[in-house]
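Chemist: Just so it is clear, I am handing over query34.txt, which has compact mmCIF, C-alpha atoms.
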# COMPACT_ATOMS: atom_id res chain seq x y z
CA LYS A 1 -44.48 7.42 -31.87
CA ALA A 2 -42.89 3.99 -32.22
CA LEU A 3 -41.75 4.75 -35.79
CA THR A 4 -40.31 8.05 -34.63
CA GLU A 5 -38.26 6.25 -31.98
CA VAL A 6 -37.11 3.67 -34.54
CA TRP A 7 -35.93 6.27 -37.04
CA SER A 8 -34.34 8.33 -34.26
CA THR A 9 -32.34 5.25 -33.41
CA VAL A 10 -31.50 4.82 -37.11
CA PHE A 11 -30.27 8.40 -37.30
CA LEU A 12 -28.07 8.06 -34.22
CA PHE A 13 -26.75 4.73 -35.40
CA ARG A 14 -26.01 6.24 -38.83
CA ILE A 15 -23.99 9.06 -37.24
CA ILE A 16 -21.93 6.54 -35.29
CA MET A 17 -21.34 4.42 -38.35
CA SER A 18 -20.41 7.42 -40.54
CA THR A 19 -16.99 7.57 -38.91
CA HIS A 20 -16.30 4.17 -40.43
CA GLU A 21 -17.88 4.96 -43.83
CA SER A 22 -14.58 4.89 -45.69
CA ASP A 23 -13.81 1.45 -44.28
CA VAL A 24 -17.23 0.20 -45.30
CA ASN A 25 -16.75 1.53 -48.84
CA THR A 26 -13.36 -0.13 -49.01
CA ILE A 27 -14.77 -3.49 -47.97
CA SER A 28 -17.85 -3.37 -50.19
CA PRO A 29 -17.85 -0.34 -52.52
CA GLU A 30 -20.64 -1.81 -54.60
CA LEU A 31 -23.11 -1.96 -51.70
CA PRO A 32 -26.23 0.00 -52.76
CA ALA A 33 -27.17 2.89 -50.54
CA MET A 34 -30.71 1.62 -50.32
CA PHE A 35 -29.60 -1.77 -49.02
CA ASP A 36 -27.32 -0.03 -46.53
CA GLY A 37 -30.28 1.97 -45.22
CA MET A 38 -32.38 -1.17 -44.88
CA LYS A 39 -29.64 -2.79 -42.83
CA LEU A 40 -29.46 0.19 -40.55
CA ALA A 41 -33.24 0.22 -40.20
CA ALA A 42 -33.22 -3.47 -39.30
CA VAL A 43 -30.50 -2.95 -36.70
CA ALA A 44 -32.34 0.04 -35.27
CA THR A 45 -35.57 -1.95 -35.10
CA VAL A 46 -33.84 -4.74 -33.22
CA LEU A 47 -32.31 -2.22 -30.83
CA TYR A 48 -35.70 -0.60 -30.34
CA ILE A 49 -37.29 -3.97 -29.54
CA ILE A 50 -34.51 -4.75 -27.07
CA VAL A 51 -34.97 -1.37 -25.39
CA ARG A 52 -38.72 -1.96 -25.15
CA CYS A 53 -38.43 -5.58 -23.94
CA LEU A 54 -35.83 -4.70 -21.32
CA ASN A 55 -37.89 -1.65 -20.33
CA LEU A 56 -34.72 0.45 -20.39
CA LYS A 57 -36.63 3.75 -20.60
CA SER A 58 -38.51 3.04 -17.38
CA PRO A 59 -37.45 5.33 -14.52
CA THR A 60 -36.24 4.18 -11.14
CA ALA A 61 -38.02 5.37 -8.02
CA PRO A 62 -38.52 4.68 -4.31
CA PRO A 63 -41.26 2.17 -3.47
CA ASP A 64 -44.82 3.48 -3.55
CA LEU A 65 -45.95 3.26 0.09
CA THR A 66 -49.45 3.05 1.52
CA TYR A 67 -49.72 3.43 5.31
CA GLN A 68 -51.31 5.43 8.09
CA ASP A 69 -49.35 8.17 9.79
CA THR A 70 -48.62 6.64 13.20
CA PRO A 71 -45.58 6.96 15.51
CA LEU A 72 -44.65 3.34 14.81
CA ASN A 73 -44.86 3.71 11.04
CA ARG A 74 -42.85 6.93 11.11
CA PHE A 75 -40.19 5.16 13.18
CA LEU A 76 -40.14 2.16 10.82
CA LEU A 77 -39.75 4.27 7.69
CA LYS A 78 -36.97 6.28 9.31
CA SER A 79 -35.17 3.19 10.60
CA CYS A 80 -35.55 1.07 7.45
CA PRO A 81 -34.20 3.30 4.65
CA GLN A 82 -34.74 0.66 1.94
CA LEU A 83 -38.45 1.47 2.10
CA THR A 84 -37.98 5.15 1.28
CA LYS A 85 -34.86 5.22 -0.90
CA GLU A 86 -34.77 4.64 -4.64
CA TYR A 87 -34.56 0.99 -5.65
CA ILE A 88 -32.04 0.70 -8.51
CA PRO A 89 -32.02 -2.65 -10.36
CA PRO A 90 -29.14 -3.75 -12.64
CA LEU A 91 -28.98 -1.32 -15.57
CA LEU A 92 -29.16 -3.65 -18.58
CA TRP A 93 -31.80 -6.19 -17.52
CA GLY A 94 -33.06 -5.29 -14.05
CA LYS A 95 -36.08 -3.33 -15.29
CA SER A 96 -37.54 -6.43 -16.92
CA GLY A 97 -39.85 -8.26 -14.55
CA HIS A 98 -39.51 -11.40 -16.67
CA LEU A 99 -35.71 -11.49 -16.39
CA GLN A 100 -35.83 -10.70 -12.68
CA THR A 101 -38.27 -13.60 -12.24
CA ALA A 102 -36.26 -15.96 -14.45
CA LEU A 103 -33.02 -15.23 -12.60
CA TYR A 104 -34.73 -15.93 -9.28
CA GLY A 105 -36.35 -19.11 -10.58
CA LYS A 106 -33.51 -20.63 -12.58
CA LEU A 107 -30.23 -19.08 -11.51
CA GLY A 108 -30.99 -18.38 -7.88
CA ARG A 109 -28.61 -16.04 -6.17
CA VAL A 110 -25.03 -15.19 -7.09
CA SER A 111 -22.43 -17.12 -5.08
CA SER A 112 -25.14 -18.67 -2.92
CA PRO A 113 -23.88 -19.50 0.61
CA HIS A 114 -24.44 -22.82 2.37
CA PRO A 115 -25.70 -22.14 5.90
CA CYS A 116 -25.39 -25.08 8.26
CA GLY A 117 -28.65 -26.18 9.85
CA ILE A 118 -30.31 -29.13 11.57
CA ARG A 119 -33.34 -30.85 10.04
CA LYS A 120 -36.25 -31.44 12.38
CA TYR A 121 -39.08 -33.94 11.85
CA LEU A 122 -42.54 -33.28 13.28
CA PRO A 123 -45.24 -35.99 13.23
CA MET A 124 -48.70 -34.61 12.44
CA GLN A 125 -52.06 -35.86 13.71
CA ASP A 126 -53.09 -37.19 10.31
CA GLY A 127 -49.91 -39.24 9.91
CA ALA A 128 -48.01 -36.72 7.82
CA THR A 129 -44.47 -35.73 8.79
CA ALA A 130 -43.57 -32.05 8.57
CA THR A 131 -39.92 -31.07 8.30
CA PHE A 132 -38.09 -27.82 8.82
CA ASP A 133 -34.46 -26.74 9.01
CA LEU A 134 -33.17 -24.86 12.03
CA PHE A 135 -30.27 -22.41 11.73
CA GLU A 136 -28.74 -20.86 14.85
CA PRO A 137 -27.60 -17.21 14.80
CA LEU A 138 -23.96 -16.50 13.94
CA GLY A 139 -23.73 -13.64 16.44
CA ASP A 140 -25.66 -11.66 19.01
CA HIS A 141 -28.67 -9.69 17.91
CA ARG A 142 -28.15 -5.92 18.08
CA THR A 143 -30.87 -5.58 20.72
CA GLY A 144 -29.45 -8.40 22.85
CA GLY A 145 -32.70 -10.33 22.52
CA ASP A 146 -33.48 -13.86 21.39
CA ILE A 147 -35.25 -13.48 18.03
CA THR A 148 -36.29 -16.28 15.67
CA MET A 149 -37.39 -15.82 12.09
CA VAL A 150 -39.97 -18.44 11.11
CA ILE A 151 -39.88 -18.61 7.32
CA CYS A 152 -42.31 -20.08 4.80
CA PRO A 153 -40.90 -20.41 1.23
CA GLY A 154 -42.71 -20.16 -2.10
CA ILE A 155 -44.64 -22.85 -3.97
CA GLY A 156 -42.86 -26.21 -3.95
CA ASN A 157 -39.79 -24.64 -2.28
CA HIS A 158 -37.71 -25.56 0.75
CA SER A 159 -34.66 -24.57 2.78
CA GLU A 160 -32.20 -25.69 0.08
CA LYS A 161 -33.33 -23.14 -2.52
CA HIS A 162 -30.74 -20.51 -3.39
CA TYR A 163 -32.84 -17.49 -2.40
CA ILE A 164 -33.68 -19.07 0.96
CA ARG A 165 -30.04 -19.96 1.66
CA THR A 166 -28.91 -16.42 0.82
CA PHE A 167 -31.54 -14.85 3.02
CA VAL A 168 -30.92 -17.23 5.95
CA ASP A 169 -27.17 -16.59 5.84
CA TYR A 170 -27.78 -12.83 5.90
CA ALA A 171 -30.28 -13.08 8.77
CA GLN A 172 -27.99 -15.38 10.79
CA LYS A 173 -25.14 -12.90 10.54
CA ASP A 174 -27.48 -10.21 11.87
CA GLY A 175 -28.20 -12.28 14.98
CA TYR A 176 -31.42 -14.09 14.01
CA ARG A 177 -32.19 -17.75 14.54
CA CYS A 178 -33.99 -19.04 11.43
CA ALA A 179 -36.50 -21.85 11.08
CA VAL A 180 -37.40 -22.67 7.47
CA LEU A 181 -40.39 -24.84 6.62
CA ASN A 182 -39.90 -27.47 3.93
CA HIS A 183 -43.23 -27.71 2.14
CA LEU A 184 -44.75 -31.17 2.48
CA GLY A 185 -43.54 -33.17 -0.52
CA ALA A 186 -41.15 -30.48 -1.82
CA LEU A 187 -37.93 -32.26 -0.78
CA PRO A 188 -37.30 -35.12 -3.23
CA ASN A 189 -35.40 -37.18 -0.67
CA ILE A 190 -38.10 -37.02 2.03
CA GLU A 191 -40.93 -39.49 1.56
CA LEU A 192 -44.50 -38.59 2.41
CA THR A 193 -45.94 -40.56 5.33
CA SER A 194 -49.59 -39.83 4.50
CA PRO A 195 -51.62 -39.34 1.29
CA ARG A 196 -51.31 -35.54 1.47
CA MET A 197 -48.87 -32.84 0.37
CA PHE A 198 -48.67 -29.06 0.71
CA THR A 199 -51.50 -26.95 -0.63
CA TYR A 200 -52.03 -23.27 -1.37
CA GLY A 201 -53.19 -22.27 2.11
CA CYS A 202 -52.83 -25.20 4.52
CA THR A 203 -51.22 -23.83 7.70
CA TRP A 204 -50.85 -27.11 9.62
CA GLU A 205 -47.15 -27.67 8.95
CA PHE A 206 -46.23 -24.02 9.56
CA ALA A 207 -48.23 -24.05 12.83
CA SER A 208 -46.41 -27.20 13.90
CA MET A 209 -43.01 -25.59 13.25
CA VAL A 210 -43.99 -22.42 15.15
CA GLY A 211 -45.25 -24.50 18.06
CA TYR A 212 -41.95 -26.37 18.21
CA ILE A 213 -39.95 -23.13 18.26
CA LYS A 214 -42.10 -21.68 21.05
CA ARG A 215 -41.63 -24.81 23.18
CA ALA A 216 -37.92 -25.23 22.47
CA TYR A 217 -37.10 -21.54 23.03
CA PRO A 218 -39.49 -20.19 25.68
CA GLN A 219 -37.80 -16.75 25.70
CA THR A 220 -37.65 -16.21 21.96
CA GLN A 221 -39.79 -13.75 20.04
CA LEU A 222 -40.83 -14.39 16.46
CA ILE A 223 -40.48 -12.58 13.14
CA VAL A 224 -42.81 -14.23 10.61
CA VAL A 225 -41.65 -14.19 6.97
CA GLY A 226 -43.43 -15.57 3.89
CA PHE A 227 -42.39 -15.62 0.24
CA SER A 228 -45.02 -15.83 -2.52
CA LEU A 229 -47.32 -18.76 -1.62
CA GLY A 230 -45.60 -18.72 1.77
CA GLY A 231 -46.84 -15.15 2.25
CA ASN A 232 -50.41 -16.38 1.86
CA ILE A 233 -49.81 -19.16 4.40
CA VAL A 234 -48.24 -16.98 7.09
CA CYS A 235 -50.89 -14.23 6.83
CA LYS A 236 -53.64 -16.83 6.94
CA PHE A 237 -51.96 -18.54 9.92
CA LEU A 238 -51.79 -15.32 11.92
CA GLY A 239 -55.35 -14.32 11.05
CA GLU A 240 -56.95 -17.71 11.74
CA ASN A 241 -56.58 -17.34 15.51
CA THR A 242 -55.31 -14.47 17.64
CA ILE A 243 -53.43 -17.02 19.76
CA ASN A 244 -51.15 -17.57 16.76
CA GLN A 245 -49.94 -13.98 17.17
CA ASP A 246 -48.57 -14.58 20.68
CA ARG A 247 -44.85 -13.69 20.89
CA VAL A 248 -44.93 -12.51 17.26
CA LEU A 249 -43.25 -9.13 16.80
CA CYS A 250 -44.18 -8.64 13.16
CA CYS A 251 -44.86 -10.30 9.82
CA VAL A 252 -43.38 -9.70 6.37
CA SER A 253 -45.02 -11.04 3.20
CA VAL A 254 -43.30 -10.73 -0.18
CA CYS A 255 -44.89 -11.19 -3.64
CA GLN A 256 -48.05 -13.02 -2.66
CA GLY A 257 -51.33 -12.75 -4.57
CA TYR A 258 -53.74 -12.58 -1.59
CA SER A 259 -56.72 -14.25 -3.31
CA ALA A 260 -56.46 -17.43 -5.40
CA LEU A 261 -60.07 -17.07 -6.49
CA ARG A 262 -59.45 -13.63 -8.00
CA ALA A 263 -56.09 -14.71 -9.42
CA GLN A 264 -57.34 -17.77 -11.32
CA GLU A 265 -58.87 -15.72 -14.14
CA THR A 266 -55.74 -13.60 -14.57
CA PHE A 267 -53.61 -16.75 -14.69
CA LEU A 268 -55.42 -17.83 -17.85
CA GLN A 269 -54.60 -14.57 -19.65
CA TRP A 270 -51.61 -14.10 -21.95
CA ASP A 271 -51.01 -10.58 -20.64
CA GLN A 272 -47.45 -10.51 -19.25
CA PHE A 273 -47.23 -14.19 -20.38
CA ARG A 274 -49.08 -15.31 -17.24
CA ARG A 275 -50.58 -18.24 -19.11
CA PHE A 276 -47.07 -19.43 -19.95
CA TYR A 277 -45.90 -19.07 -16.34
CA ASN A 278 -49.03 -20.97 -15.31
CA PHE A 279 -48.03 -23.81 -17.61
CA LEU A 280 -44.47 -23.90 -16.22
CA MET A 281 -45.66 -23.98 -12.60
CA ALA A 282 -48.20 -26.67 -13.45
CA ASP A 283 -45.43 -28.74 -15.00
CA ASN A 284 -43.35 -28.38 -11.85
CA MET A 285 -46.33 -29.41 -9.70
CA LYS A 286 -46.81 -32.49 -11.88
CA LYS A 287 -43.23 -33.55 -11.22
CA ILE A 288 -43.63 -33.14 -7.45
CA ILE A 289 -46.92 -35.07 -7.38
CA LEU A 290 -45.60 -37.87 -9.61
CA SER A 291 -42.49 -38.24 -7.45
CA HIS A 292 -44.84 -39.15 -4.57
CA ARG A 293 -47.49 -41.05 -6.56
CA HIS A 294 -47.27 -44.20 -4.43
CA SER A 295 -47.75 -42.29 -1.17
CA LEU A 296 -50.53 -40.10 -2.57
CA PHE A 297 -52.51 -42.68 -4.53
CA GLY A 298 -51.39 -45.99 -3.03
CA GLY A 299 -54.54 -46.48 -0.94
CA SER A 300 -56.92 -45.72 -3.79
CA SER A 301 -58.50 -48.16 -6.19
CA VAL A 302 -56.71 -48.89 -9.47
CA LYS A 303 -59.52 -47.18 -11.39
CA MET A 304 -59.25 -44.01 -9.24
CA ILE A 305 -55.47 -43.96 -9.63
CA ASP A 306 -55.74 -44.22 -13.41
CA THR A 307 -58.38 -41.47 -13.51
CA ASP A 308 -56.39 -39.08 -11.29
CA LEU A 309 -53.13 -39.67 -13.14
CA SER A 310 -54.81 -39.30 -16.53
CA ARG A 311 -56.17 -35.89 -15.50
CA LEU A 312 -52.80 -34.95 -14.08
CA TYR A 313 -50.90 -35.82 -17.27
CA THR A 314 -53.25 -33.76 -19.44
CA ALA A 315 -53.40 -30.72 -17.12
CA THR A 316 -51.89 -27.54 -18.54
CA SER A 317 -52.66 -25.15 -15.68
CA LEU A 318 -52.44 -25.00 -11.89
CA MET A 319 -56.21 -24.66 -11.72
CA GLN A 320 -56.72 -28.03 -13.40
CA ILE A 321 -54.29 -29.69 -10.97
CA ASP A 322 -55.90 -27.94 -8.00
CA ASP A 323 -59.36 -29.03 -9.12
CA ASN A 324 -58.47 -32.65 -9.89
CA ILE A 325 -55.88 -33.35 -7.18
CA MET A 326 -55.03 -30.68 -4.60
CA ARG A 327 -58.49 -29.71 -3.28
CA LYS A 328 -59.25 -33.36 -2.51
CA PHE A 329 -56.48 -33.55 0.13
CA HIS A 330 -58.67 -31.47 2.46
CA GLY A 331 -62.07 -32.57 1.19
CA HIS A 332 -63.13 -29.37 -0.56
CA SER A 333 -66.21 -29.94 -2.70
CA SER A 334 -65.22 -27.51 -5.46
CA LEU A 335 -62.33 -25.45 -6.74
CA LYS A 336 -64.13 -22.26 -5.70
CA GLU A 337 -64.48 -23.51 -2.13
CA TYR A 338 -60.83 -24.57 -2.08
CA TYR A 339 -59.62 -21.16 -3.22
CA GLU A 340 -62.02 -19.28 -0.94
CA LYS A 341 -61.01 -21.13 2.23
CA GLU A 342 -57.27 -21.26 1.51
CA SER A 343 -56.75 -17.58 0.60
CA CYS A 344 -55.50 -15.18 3.26
CA VAL A 345 -57.76 -12.37 2.00
CA HIS A 346 -60.47 -13.61 4.40
CA TYR A 347 -58.12 -13.69 7.42
CA ILE A 348 -55.50 -10.99 6.96
CA HIS A 349 -57.68 -8.24 8.47
CA ASN A 350 -57.46 -10.14 11.81
CA VAL A 351 -53.68 -9.66 11.98
CA LYS A 352 -52.90 -7.15 14.73
CA VAL A 353 -49.09 -7.25 14.76
CA PRO A 354 -47.09 -4.93 12.46
CA LEU A 355 -47.43 -6.24 8.92
CA LEU A 356 -45.27 -5.35 5.91
CA LEU A 357 -46.69 -6.38 2.53
CA VAL A 358 -44.27 -6.13 -0.42
CA ASN A 359 -45.09 -6.49 -4.10
CA SER A 360 -43.60 -5.45 -7.42
CA ALA A 361 -45.55 -3.64 -10.15
CA ASP A 362 -43.83 -5.70 -12.88
CA ASP A 363 -44.42 -9.07 -11.21
CA PRO A 364 -45.61 -11.25 -14.13
CA LEU A 365 -47.44 -13.63 -11.77
CA VAL A 366 -49.43 -11.16 -9.67
CA HIS A 367 -51.96 -9.12 -11.66
CA ASP A 368 -52.31 -5.44 -10.82
CA SER A 369 -55.98 -5.94 -9.85
CA LEU A 370 -54.89 -8.11 -6.89
CA LEU A 371 -52.89 -5.24 -5.41
CA THR A 372 -56.05 -3.39 -4.42
CA ILE A 373 -56.28 -5.87 -1.52
CA PRO A 374 -53.08 -4.85 0.31
CA ARG A 375 -53.47 -1.20 -0.69
CA THR A 376 -56.97 -1.02 0.81
CA LEU A 377 -55.86 -2.92 3.91
CA ALA A 378 -52.93 -0.57 4.54
CA ALA A 379 -55.18 2.48 4.09
CA LYS A 380 -57.58 1.19 6.73
CA LYS A 381 -55.33 -0.50 9.32
CA PRO A 382 -52.60 1.34 11.24
CA ASN A 383 -50.43 -1.77 11.66
CA VAL A 384 -50.01 -2.37 7.90
CA ILE A 385 -47.49 -0.91 5.44
CA PHE A 386 -47.85 -1.78 1.76
CA SER A 387 -44.71 -1.31 -0.36
CA LEU A 388 -44.96 -1.49 -4.16
CA THR A 389 -41.76 -1.25 -6.19
CA LEU A 390 -41.68 -0.36 -9.89
CA HIS A 391 -39.32 -3.22 -10.66
CA GLY A 392 -38.29 -6.52 -9.09
CA GLY A 393 -40.34 -9.19 -10.83
CA HIS A 394 -41.46 -12.16 -8.77
CA LEU A 395 -39.06 -12.59 -5.83
CA GLY A 396 -36.24 -11.03 -7.87
CA PHE A 397 -35.42 -7.55 -6.55
CA PHE A 398 -31.81 -7.86 -7.69
CA GLU A 399 -29.48 -4.91 -7.29
CA GLY A 400 -26.28 -4.22 -9.17
CA ALA A 401 -24.40 -1.75 -11.32
CA VAL A 402 -24.75 -2.76 -14.98
CA LEU A 403 -24.85 -6.48 -15.70
CA PHE A 404 -23.95 -8.63 -12.71
CA PRO A 405 -26.26 -8.52 -9.67
CA GLN A 406 -25.13 -8.40 -6.07
CA PRO A 407 -25.53 -11.57 -3.97
CA LEU A 408 -27.90 -9.80 -1.58
CA THR A 409 -31.09 -8.39 -3.02
CA TRP A 410 -33.25 -5.43 -2.04
CA MET A 411 -35.76 -7.98 -0.74
CA ASP A 412 -33.21 -9.54 1.63
CA LYS A 413 -32.17 -6.14 2.96
CA VAL A 414 -35.68 -4.75 3.43
CA ILE A 415 -36.89 -7.79 5.41
CA VAL A 416 -33.95 -7.72 7.81
CA GLY A 417 -34.03 -3.91 7.97
CA TYR A 418 -37.73 -3.89 8.83
CA ALA A 419 -37.24 -6.66 11.41
CA ASN A 420 -34.36 -4.72 13.01
CA ALA A 421 -36.51 -1.60 13.23
CA ILE A 422 -39.35 -3.53 14.88
CA CYS A 423 -36.96 -5.09 17.41
CA GLN A 424 -35.50 -1.67 18.21
CA TRP A 425 -38.99 -0.22 18.68
CA GLU A 426 -39.92 -3.07 21.02
CA LYS A 427 -36.78 -2.56 23.08
CA GLN A 428 -37.21 1.20 23.64
CA LYS A 429 -40.99 1.55 23.98
CA PRO A 430 -42.86 1.77 27.31
CA PRO A 431 -44.68 -1.46 28.27
CA CYS A 432 -48.16 -0.30 27.22
CA GLN A 433 -47.09 0.81 23.73
CA THR A 434 -47.15 -2.63 22.14
CA PRO A 435 -47.93 -1.83 18.48
CA HIS A 436 -50.97 -4.10 18.24
CA LEU A 437 -52.62 -3.03 21.52
CA SER A 438 -55.66 -0.81 21.21
CA GLU A 439 -56.01 2.44 23.17
CA SER A 440 -58.52 0.80 25.48
CA SER A 441 -56.10 -2.05 26.18
CA CYS A 442 -53.38 0.46 26.99
CA ALA A 443 -55.72 2.36 29.31
CA GLU A 444 -56.65 -0.87 31.10
CA GLU A 445 -52.95 -1.72 31.45
CA LYS A 446 -52.25 1.70 32.99
CA ALA A 447 -55.21 1.29 35.36
Re-express the file's structure as structure tokens.
Modeler:
Amino acid sequence: KALTEVWSTVFLFRIIMSTHESDVNTISPELPAMFDGMKLAAVATVLYIIVRCLNLKSPTAPPDLTYQDTPLNRFLLKSCPQLTKEYIPPLLWGKSGHLQTALYGKLGRVSSPHPCGIRKYLPMQDGATATFDLFEPLGDHRTGGDITMVICPGIGNHSEKHYIRTFVDYAQKDGYRCAVLNHLGALPNIELTSPRMFTYGCTWEFASMVGYIKRAYPQTQLIVVGFSLGGNIVCKFLGENTINQDRVLCCVSVCQGYSALRAQETFLQWDQFRRFYNFLMADNMKKIILSHRHSLFGGSSVKMIDTDLSRLYTATSLMQIDDNIMRKFHGHSSLKEYYEKESCVHYIHNVKVPLLLVNSADDPLVHDSLLTIPRTLAAKKPNVIFSLTLHGGHLGFFEGAVLFPQPLTWMDKVIVGYANAICQWEKQKPPCQTPHLSESSCAEEKA
């Protein structure tokens, strides 16, 4: 089949070039026909490889949705058209999950805005200092309510990342206040005040930020948003204690992996170059840890420091760093225990508020086997919608005509669109129809 496609490309290319045959003969009349055919075959092969690598033959389609047929879900899908309409990535490169991921990771967003916020510092009980940036809305919310988005970025990220700035600017203009957590140790100009930095599932800093928002704005309601690792943190935070869901209207998680324990084996595979991405992320983690080496290892013995740093320098995967460094911040006895206790898969079923889980089928970081978790959850729980796009990569979801993507992505639009739909539902529903109340609770309320 592959050879057929190659020679089909050769044939088409030969037809195109035949119009210029006389010119070719004029330039090099002695060129052997056999050599000419080899050149065309080589060009066709390269074109075929490009077509395959860029996945140009892949169709576009609406997201694959898993959900229960409830009045709320029907309203959400009707009011948030991004979830039901065809997602069309940029024509030339948008169907490649690797390029979508690379553009998110290296180039950020196009013409990234610079929203103006205020940095807040929150002292923690263990001596650490959490920070977050607070951005006030740039207009009234369409429902007239006071709504705050509490946002948790991806691994090693913070409020100054391009994709966060673009999303915050868009949400502000739609009437949302935004609070963005800066992962502990992620900002290079903020020193650690305790021998601890962010981990895969520690919710302490996010809980501290949410607590501040609830105290500072007693009338506000919350939209919880998490990107990648941040999606794991916010779902775990909500599921750890039902009190954490107070005043929360809904939660949106984008491109998380749900279970670090299940993901660790897939991260060592070369399928979709996951092993290479693992190496790159490990290298980035090394830089963050080394930038805070004095705060993290200053109280240890010289021998322990040398041992830890030696293991860090030689690590080639996130799992090695997690095992030798990260799990020790919270006293986990093994890597398995660390991944088990920090993954949201053991808590997410406790989330009662409306929950939108978004993933991409061509995400090179999240293996397809991990997607059975949100798919099964959405099939069983009426408050969950799982949206799986064909394309988008890891936190990419760029849209555009041919080559240049639009500043706003499908991801930005679907989060705000879903949040708007939830706010509208809350405004127009009778008091006892809170989405996460059970029928018995509603009956008691009526009584």
Chemist: Quick one, how far is CA of Asn350 in chain A from CA of Leu65 in chain A?
Modeler: 21.2 Å
Chemist: Mind giving me the straight-line distance from CA of Tyr339 in chain A to CA of Lys236 in chain A in Å, one decimal?
Modeler: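 Computed distance, CA of Tyr339 in chain A to CA of Lys236 in chain A, equals 12.6 Å.
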Chemist: Which is closer to Tyr258 in chain A than all the others in A:Val353, A:Ala379, A:Cys344, A:Leu365, using all atoms listed in the file?
Modeler: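 Once distances to Tyr258 in chain A are computed over all atoms listed in the file, the minimum belongs to A:Cys344.
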Chemist: Ranking A:Cys80, A:Met285, A:Ala171, A:Leu335 by minimum distance to Tyr313 in chain A and counting only C-alpha atoms, which one comes first?
Modeler: A:Met285
Chemist: Wanna dump the range 234-300 of chain A-range 138-156 of chain A contacts at 9 Å for me, each residue with its shortest atom pair and the distance in Å to one decimal, counting only C-alpha atoms, ordered by chain and number, as CSV?
Modeler:
residue,atom,partner,partner_atom,distance
A:Val234,CA,A:Cys152,CA,7.1
A:Gln256,CA,A:Gly154,CA,8.9
A:Met281,CA,A:Ile155,CA,8.8
A:Asn284,CA,A:Gly156,CA,8.2
A:Met285,CA,A:Gly156,CA,7.4
A:Ile288,CA,A:Gly156,CA,7.8
Chemist: Fewer than 6 positions away in the same chain doesn't count, so skip those; otherwise give me all residues within 12 Å of Phe276 in chain A, counting all atoms listed in the file, as a list in words.
Modeler: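 In the requested format, the answer is His98, Thr266, Phe267, Leu268, Gln269, Trp270, Ala282, Asp283, Thr316, Ser317, Leu318, Pro364 and Leu365 of chain A.
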Chemist: Would you mind exporting C-alpha atoms of the selected residues as a PDB file, in the coordinates of the input?
Modeler:
ATOM      1  CA  HIS A  98     -39.510 -11.400 -16.670  1.00  0.00           C
ATOM      2  CA  THR A 266     -55.740 -13.600 -14.570  1.00  0.00           C
ATOM      3  CA  PHE A 267     -53.610 -16.750 -14.690  1.00  0.00           C
ATOM      4  CA  LEU A 268     -55.420 -17.830 -17.850  1.00  0.00           C
ATOM      5  CA  GLN A 269     -54.600 -14.570 -19.650  1.00  0.00           C
ATOM      6  CA  TRP A 270     -51.610 -14.100 -21.950  1.00  0.00           C
ATOM      7  CA  ALA A 282     -48.200 -26.670 -13.450  1.00  0.00           C
ATOM      8  CA  ASP A 283     -45.430 -28.740 -15.000  1.00  0.00           C
ATOM      9  CA  THR A 316     -51.890 -27.540 -18.540  1.00  0.00           C
ATOM     10  CA  SER A 317     -52.660 -25.150 -15.680  1.00  0.00           C
ATOM     11  CA  LEU A 318     -52.440 -25.000 -11.890  1.00  0.00           C
ATOM     12  CA  PRO A 364     -45.610 -11.250 -14.130  1.00  0.00           C
ATOM     13  CA  LEU A 365     -47.440 -13.630 -11.770  1.00  0.00           C
TER      14      LEU A 365
END
Chemist: Given the choices A:His162, A:Arg311, A:His292, A:Arg327, which gets closest to Leu184 in chain A if the distance is worked out from only C-alpha atoms?
Modeler: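 Among A:His162, A:Arg311, A:His292, A:Arg327, it is A:His292 that comes nearest to Leu184 in chain A.
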Chemist: Set out as a tab-separated table a contact list for range 223-255 of chain A and range 409-433 of chain A with a cut-off of 12 Å, giving each residue of range 223-255 of chain A that qualifies its closest atom pair and distance in Å to one decimal, counting only C-alpha atoms, ordered by chain and rising residue number.
Modeler:
residue	atom	partner	partner_atom	distance
A:Ile223	CA	A:Ala419	CA	7.0
A:Val224	CA	A:Ala419	CA	9.4
A:Val225	CA	A:Ile415	CA	8.1
A:Gly226	CA	A:Ile415	CA	10.3
A:Phe227	CA	A:Met411	CA	10.2
A:Arg247	CA	A:Glu426	CA	11.7
A:Val248	CA	A:Ile422	CA	10.8
A:Leu249	CA	A:Ile422	CA	7.1
A:Cys250	CA	A:Ile422	CA	7.2
A:Cys251	CA	A:Ala419	CA	8.6
A:Val252	CA	A:Ile415	CA	6.8
A:Ser253	CA	A:Ile415	CA	9.0
A:Val254	CA	A:Met411	CA	8.0
A:Cys255	CA	A:Met411	CA	10.1
Chemist: Find the residue from A:Arg274, A:Lys286, A:His183, A:Lys328 that sits nearest to Leu309 in chain A; use all atoms listed in the file when measuring.
Modeler: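 Ranking A:Arg274, A:Lys286, A:His183, A:Lys328 by distance to Leu309 in chain A, first place goes to A:Lys286.
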Chemist: Counting only C-alpha atoms, which residue out of A:Lys380, A:His367, A:Lys341, A:Arg375 sits closest to Thr203 in chain A?
Modeler: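 Comparing A:Lys380, A:His367, A:Lys341, A:Arg375 against Thr203 in chain A, the winner is A:Lys341.
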Chemist: Which residues are near Arg293 in chain A? Cut-off 10 Å, only C-alpha atoms, ignore same chain within fewer than 5 positions. Put them as a ChimeraX atom specification.
Modeler: /A:192,195,287-288,298,305,309
Chemist: From the options A:Leu91, A:Ile118, A:Leu83, A:Val168, which residue's atoms come nearest to Leu356 in chain A, counting only C-alpha atoms?
Modeler: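 With only C-alpha atoms as the atom set, the closest residue is A:Leu83.
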